[in-house]
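Chemist: Before anything else, here's the structure in question.
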Amino acid sequence: AAAALPALSMSKTDLSPGLIPAVGAHKNFQIEIRFPEGESQGVVVNDNLNATGISYVLTRDVNFDVSVTFEHIASINGSAPGEAAFIAVPADGAANTIVWNIGTVTTTSENDVATNAVNPVIRINYYARVNNDLSTNVGNTLANSVVVNYAHGETGATQSLSGSTPPVTVVEPLLVLAKTVSNITAPGQPPMVSHILEYQVSATNNGNSTAFDT
């Protein structure tokens with residue numbers, strides 16, 4: 001009987017489940033793809049940041065960068081493992097469906113009868129921002145999901161793996177400003193030339209999250 005070819009497997013994780021999803025906050029996500037030993041072709045990660053109709057936005061800068069780690073991966077498209085070896089990667093500010101087109105993955109190998117120390121993995125760790133735009137408002141639901149496609153090792157037919165993270169409800173500060181004036185020189189009287197006036201501005205947060213940098 002012919003031996004069944006091992007398949008890829010995948011998981012997606014919210015690494016910051018306790019983060020309050022306020023407008024401007026950055027959620028940390030990880031996609032982990034586990035490979036059988038050998039060569040896997042046509043590997044493409046389609047990460048949908050807009051699973052509920054409102055999109056997260058990918059951030060990749062010095063503070064919230066994308067990191068890709070490799071375990072027991074020999075090469076990507078014939079080059080040393082690294083995101084630079086991928087066919088295509090998403091840019092900072094990308095929204096909706098973002099794509100890591102990985103391509104052909106070649107793993108290291110071993111004699112599995114004698115040992116099982118080689119477990120090839122690619123992990124994509126990234127940050128998605130609750131965007132401050134006209135579409136994202138308090139009470140909106142955000143969620144993202146991922147589909148990883150690859151070619152079947154025997155038939156070449158496209159295979160798909162899917163995963164998702166729990167949805168979150170957006171919170172947002174809402175500042176209400178008030179301004180008053182008082183006549184210090186003649187309290188309660190209309191202002192006149194040479195009177196000293198005191199102005200007071202107050203801000204009340206009527207929203208459901210903390211307002212920063214006010």
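Going by the structure tokens order, chains are called A, B, ..., each with residues numbered from 1, while ligands are numbered from 1 in the order shown.
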Can you tell me, as an MDAnalysis selection string, what residues are no more than 7 Å from region 74-78 of chain A when counting only C-alpha atoms, ignoring any on the same chain fewer than 6 positions away?

Modeler: chainID A and resid 85:86 103:108

Chemist: Considering only C-alpha atoms, return as JSON, numbers by chain whatever protein or nucleic-acid residues lie within 10 Å of Pro36 (chain A), sequence-local ones (same chain, fewer than 2 positions apart) excluded.

Modeler: {"A": [5, 6, 7, 8, 9, 34, 38, 39, 40, 106, 107, 108, 109, 118, 119, 120, 121]}

Chemist: Selected residues, N, CA, C and O atoms, written as a PDB file, in the first residue's frame, please.

Modeler:
ATOM      1  N   LEU A   5       1.130  10.831   2.265  1.00  0.00           N
ATOM      2  CA  LEU A   5       2.061  11.937   2.412  1.00  0.00           C
ATOM      3  C   LEU A   5       1.621  12.811   3.576  1.00  0.00           C
ATOM      4  O   LEU A   5       0.447  13.157   3.702  1.00  0.00           O
ATOM      5  N   PRO A   6       2.573  13.186   4.467  1.00  0.00           N
ATOM      6  CA  PRO A   6       2.196  14.033   5.604  1.00  0.00           C
ATOM      7  C   PRO A   6       1.762  15.413   5.124  1.00  0.00           C
ATOM      8  O   PRO A   6       2.244  15.917   4.101  1.00  0.00           O
ATOM      9  N   ALA A   7       0.866  16.013   5.850  1.00  0.00           N
ATOM     10  CA  ALA A   7       0.316  17.317   5.478  1.00  0.00           C
ATOM     11  C   ALA A   7       0.870  18.409   6.384  1.00  0.00           C
ATOM     12  O   ALA A   7       1.423  18.150   7.447  1.00  0.00           O
ATOM     13  N   LEU A   8       0.713  19.642   5.937  1.00  0.00           N
ATOM     14  CA  LEU A   8       1.040  20.788   6.778  1.00  0.00           C
ATOM     15  C   LEU A   8      -0.045  20.954   7.831  1.00  0.00           C
ATOM     16  O   LEU A   8      -1.172  20.466   7.681  1.00  0.00           O
ATOM     17  N   SER A   9       0.280  21.678   8.888  1.00  0.00           N
ATOM     18  CA  SER A   9      -0.724  22.082   9.874  1.00  0.00           C
ATOM     19  C   SER A   9      -0.445  23.523  10.262  1.00  0.00           C
ATOM     20  O   SER A   9       0.660  24.049  10.040  1.00  0.00           O
ATOM     21  N   ARG A  34       3.386  24.407  10.571  1.00  0.00           N
ATOM     22  CA  ARG A  34       4.242  23.244  10.821  1.00  0.00           C
ATOM     23  C   ARG A  34       4.318  22.394   9.542  1.00  0.00           C
ATOM     24  O   ARG A  34       3.285  22.071   8.953  1.00  0.00           O
ATOM     25  N   GLY A  38      10.981  17.582   4.197  1.00  0.00           N
ATOM     26  CA  GLY A  38      11.023  17.531   2.739  1.00  0.00           C
ATOM     27  C   GLY A  38      10.737  18.883   2.134  1.00  0.00           C
ATOM     28  O   GLY A  38      11.133  19.923   2.678  1.00  0.00           O
ATOM     29  N   GLU A  39      10.027  18.916   1.021  1.00  0.00           N
ATOM     30  CA  GLU A  39       9.746  20.150   0.293  1.00  0.00           C
ATOM     31  C   GLU A  39       8.243  20.384   0.203  1.00  0.00           C
ATOM     32  O   GLU A  39       7.486  19.494  -0.174  1.00  0.00           O
ATOM     33  N   SER A  40       7.824  21.603   0.536  1.00  0.00           N
ATOM     34  CA  SER A  40       6.426  22.017   0.385  1.00  0.00           C
ATOM     35  C   SER A  40       6.393  23.186  -0.593  1.00  0.00           C
ATOM     36  O   SER A  40       7.169  24.133  -0.455  1.00  0.00           O
ATOM     37  N   THR A 106      11.874  24.227   1.940  1.00  0.00           N
ATOM     38  CA  THR A 106      12.630  22.983   2.060  1.00  0.00           C
ATOM     39  C   THR A 106      13.130  22.863   3.497  1.00  0.00           C
ATOM     40  O   THR A 106      13.767  23.789   4.012  1.00  0.00           O
ATOM     41  N   THR A 107      12.840  21.743   4.128  1.00  0.00           N
ATOM     42  CA  THR A 107      13.203  21.559   5.531  1.00  0.00           C
ATOM     43  C   THR A 107      14.473  20.724   5.650  1.00  0.00           C
ATOM     44  O   THR A 107      14.941  20.108   4.691  1.00  0.00           O
ATOM     45  N   THR A 108      15.040  20.731   6.849  1.00  0.00           N
ATOM     46  CA  THR A 108      16.069  19.744   7.157  1.00  0.00           C
ATOM     47  C   THR A 108      15.369  18.406   7.399  1.00  0.00           C
ATOM     48  O   THR A 108      14.139  18.338   7.514  1.00  0.00           O
ATOM     49  N   SER A 109      16.138  17.328   7.462  1.00  0.00           N
ATOM     50  CA  SER A 109      15.519  16.013   7.605  1.00  0.00           C
ATOM     51  C   SER A 109      16.365  15.123   8.500  1.00  0.00           C
ATOM     52  O   SER A 109      17.505  15.445   8.844  1.00  0.00           O
ATOM     53  N   VAL A 118      13.611  16.678  14.520  1.00  0.00           N
ATOM     54  CA  VAL A 118      13.373  17.700  13.499  1.00  0.00           C
ATOM     55  C   VAL A 118      11.880  17.922  13.359  1.00  0.00           C
ATOM     56  O   VAL A 118      11.133  17.024  12.949  1.00  0.00           O
ATOM     57  N   ASN A 119      11.446  19.125  13.715  1.00  0.00           N
ATOM     58  CA  ASN A 119      10.024  19.501  13.623  1.00  0.00           C
ATOM     59  C   ASN A 119       9.951  20.880  12.963  1.00  0.00           C
ATOM     60  O   ASN A 119       9.921  21.909  13.654  1.00  0.00           O
ATOM     61  N   PRO A 120       9.945  20.940  11.642  1.00  0.00           N
ATOM     62  CA  PRO A 120      10.049  22.219  10.930  1.00  0.00           C
ATOM     63  C   PRO A 120       8.847  23.140  11.180  1.00  0.00           C
ATOM     64  O   PRO A 120       7.690  22.716  11.109  1.00  0.00           O
ATOM     65  N   VAL A 121       9.154  24.405  11.459  1.00  0.00           N
ATOM     66  CA  VAL A 121       8.124  25.400  11.772  1.00  0.00           C
ATOM     67  C   VAL A 121       8.537  26.754  11.200  1.00  0.00           C
ATOM     68  O   VAL A 121       9.704  27.136  11.241  1.00  0.00           O
TER      69      VAL A 121
END

Chemist: Go through region 56-171 of chain A residue by residue and, counting only C-alpha atoms, keep those with an atom at most 6 Å from region 16-29 of chain A; for each kept residue give the shortest atom pair and its distance in Å to one decimal, ordered by chain and increasing number, as CSV.

Modeler:
residue,atom,partner,partner_atom,distance
A:Asn125,CA,A:Phe29,CA,5.9
A:Tyr126,CA,A:Phe29,CA,5.5
A:Tyr127,CA,A:Asn28,CA,4.5
A:Ala128,CA,A:Lys27,CA,5.2
A:Arg129,CA,A:His26,CA,4.3
A:Val130,CA,A:Val23,CA,5.1
A:Asn131,CA,A:Gly24,CA,5.6
A:Asn132,CA,A:Val23,CA,5.6
A:Val170,CA,A:Pro21,CA,5.3
A:Val171,CA,A:Ala22,CA,4.6

Chemist: Write a file of the just-selected residues containing C-alpha atoms, as a PDB file, in the first residue's frame.

Modeler:
ATOM      1  CA  ASN A 125       4.594  37.361  14.540  1.00  0.00           C
ATOM      2  CA  TYR A 126       3.021  40.736  13.775  1.00  0.00           C
ATOM      3  CA  TYR A 127       0.990  43.648  15.173  1.00  0.00           C
ATOM      4  CA  ALA A 128      -2.365  44.856  13.870  1.00  0.00           C
ATOM      5  CA  ARG A 129      -3.674  48.264  14.918  1.00  0.00           C
ATOM      6  CA  VAL A 130      -7.225  49.149  15.876  1.00  0.00           C
ATOM      7  CA  ASN A 131      -7.296  51.954  13.368  1.00  0.00           C
ATOM      8  CA  ASN A 132      -8.280  55.542  14.125  1.00  0.00           C
ATOM      9  CA  VAL A 170     -13.730  48.347  20.105  1.00  0.00           C
ATOM     10  CA  VAL A 171     -13.629  50.877  22.934  1.00  0.00           C
TER      11      VAL A 171
END

Chemist: Region 135-139 of chain A: which residues within 10 Å, counting only C-alpha atoms, same-chain residues fewer than 6 positions away excluded, as number ranges by chain?

Modeler: A: 21-23, 53-56, 168-174, 207-209

Chemist: Could you check how far CA of Leu161 (chain A) sits from CA of Val68 (chain A), in Å to one decimal?

Modeler: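 These two atoms are separated by 19.1 Å.
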
Chemist: Tell me which protein, DNA and RNA residues are within 7 Å of Leu49 (chain A), counting only C-alpha atoms, leaving out same-chain ones fewer than 5 positions away, and put them as a PyMOL selection string.

Modeler: chain A and resi 55-56+95-97+143-145

Chemist: How would the residues just picked look written out with N, CA and C atoms as an mmCIF file, in the first residue's frame?

Modeler:
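Resulting contents of part_10.cif:
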data_model
loop_
_atom_site.group_PDB
_atom_site.id
_atom_site.type_symbol
_atom_site.label_atom_id
_atom_site.label_comp_id
_atom_site.auth_asym_id
_atom_site.auth_seq_id
_atom_site.Cartn_x
_atom_site.Cartn_y
_atom_site.Cartn_z
ATOM 1 N N SER A 55 -11.705 46.587 9.406
ATOM 2 C CA SER A 55 -10.368 46.012 9.290
ATOM 3 C C SER A 55 -9.394 46.555 10.319
ATOM 4 N N TYR A 56 -8.600 45.628 10.889
ATOM 5 C CA TYR A 56 -7.355 46.037 11.529
ATOM 6 C C TYR A 56 -6.432 46.596 10.447
ATOM 7 N N ALA A 95 -4.241 46.692 4.906
ATOM 8 C CA ALA A 95 -5.495 46.338 5.575
ATOM 9 C C ALA A 95 -6.201 45.253 4.767
ATOM 10 N N ASN A 96 -7.364 44.843 5.286
ATOM 11 C CA ASN A 96 -8.169 43.792 4.658
ATOM 12 C C ASN A 96 -7.366 42.492 4.608
ATOM 13 N N THR A 97 -7.162 41.877 3.447
ATOM 14 C CA THR A 97 -6.390 40.633 3.378
ATOM 15 C C THR A 97 -4.927 40.941 3.072
ATOM 16 N N ALA A 143 -12.200 41.231 14.152
ATOM 17 C CA ALA A 143 -11.700 39.854 14.218
ATOM 18 C C ALA A 143 -10.852 39.617 12.983
ATOM 19 N N ASN A 144 -9.967 38.652 13.057
ATOM 20 C CA ASN A 144 -9.231 38.284 11.853
ATOM 21 C C ASN A 144 -9.103 36.777 11.755
ATOM 22 N N SER A 145 -8.928 36.337 10.538
ATOM 23 C CA SER A 145 -8.826 34.910 10.255
ATOM 24 C C SER A 145 -7.731 34.705 9.227
#

Chemist: Quick check for you: according to DSSP on this backbone, which residues of region 31-197 of chain A are classed as strand (DSSP E)? Reply as a ChimeraX atom specification.

Modeler: /A:31-34,39-48,57-59,67-71,73-76,97-107,121-129,141-142,145-151,158-164,168-169,175-183,197

Chemist: Neighbours of Leu197 (chain A) within 10 Å (only C-alpha atoms; same-chain residues fewer than 5 positions away dropped), as an MDAnalysis selection string?

Modeler: chainID A and resid 181:187 191:192

Chemist: Go ahead and save the picked residues with N, CA, C and O atoms, as a PDB file, in the first residue's frame.

Modeler:
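The result, written out as result.pdb:
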ATOM      1  N   VAL A 181     -15.486  81.513  31.889  1.00  0.00           N
ATOM      2  CA  VAL A 181     -14.692  82.711  32.153  1.00  0.00           C
ATOM      3  C   VAL A 181     -15.227  83.383  33.419  1.00  0.00           C
ATOM      4  O   VAL A 181     -16.437  83.419  33.664  1.00  0.00           O
ATOM      5  N   SER A 182     -14.305  83.877  34.246  1.00  0.00           N
ATOM      6  CA  SER A 182     -14.675  84.570  35.489  1.00  0.00           C
ATOM      7  C   SER A 182     -13.979  85.923  35.538  1.00  0.00           C
ATOM      8  O   SER A 182     -12.818  86.055  35.124  1.00  0.00           O
ATOM      9  N   ASN A 183     -14.697  86.923  36.042  1.00  0.00           N
ATOM     10  CA  ASN A 183     -14.134  88.267  36.222  1.00  0.00           C
ATOM     11  C   ASN A 183     -13.478  88.308  37.597  1.00  0.00           C
ATOM     12  O   ASN A 183     -14.158  88.340  38.627  1.00  0.00           O
ATOM     13  N   ILE A 184     -12.155  88.279  37.619  1.00  0.00           N
ATOM     14  CA  ILE A 184     -11.425  88.282  38.896  1.00  0.00           C
ATOM     15  C   ILE A 184     -11.476  89.662  39.547  1.00  0.00           C
ATOM     16  O   ILE A 184     -11.589  89.780  40.777  1.00  0.00           O
ATOM     17  N   THR A 185     -11.393  90.704  38.753  1.00  0.00           N
ATOM     18  CA  THR A 185     -11.383  92.076  39.296  1.00  0.00           C
ATOM     19  C   THR A 185     -12.737  92.442  39.905  1.00  0.00           C
ATOM     20  O   THR A 185     -12.810  92.996  41.013  1.00  0.00           O
ATOM     21  N   ALA A 186     -13.801  92.131  39.192  1.00  0.00           N
ATOM     22  CA  ALA A 186     -15.156  92.459  39.674  1.00  0.00           C
ATOM     23  C   ALA A 186     -16.027  91.228  39.509  1.00  0.00           C
ATOM     24  O   ALA A 186     -16.746  91.102  38.507  1.00  0.00           O
ATOM     25  N   PRO A 187     -15.966  90.317  40.483  1.00  0.00           N
ATOM     26  CA  PRO A 187     -16.714  89.064  40.351  1.00  0.00           C
ATOM     27  C   PRO A 187     -18.200  89.298  40.100  1.00  0.00           C
ATOM     28  O   PRO A 187     -18.835  90.128  40.756  1.00  0.00           O
ATOM     29  N   PRO A 191     -17.168  92.198  32.028  1.00  0.00           N
ATOM     30  CA  PRO A 191     -15.775  92.650  31.922  1.00  0.00           C
ATOM     31  C   PRO A 191     -15.674  94.048  31.335  1.00  0.00           C
ATOM     32  O   PRO A 191     -16.451  94.441  30.465  1.00  0.00           O
ATOM     33  N   MET A 192     -14.707  94.784  31.869  1.00  0.00           N
ATOM     34  CA  MET A 192     -14.421  96.129  31.379  1.00  0.00           C
ATOM     35  C   MET A 192     -12.920  96.257  31.182  1.00  0.00           C
ATOM     36  O   MET A 192     -12.139  95.390  31.604  1.00  0.00           O
TER      37      MET A 192
END
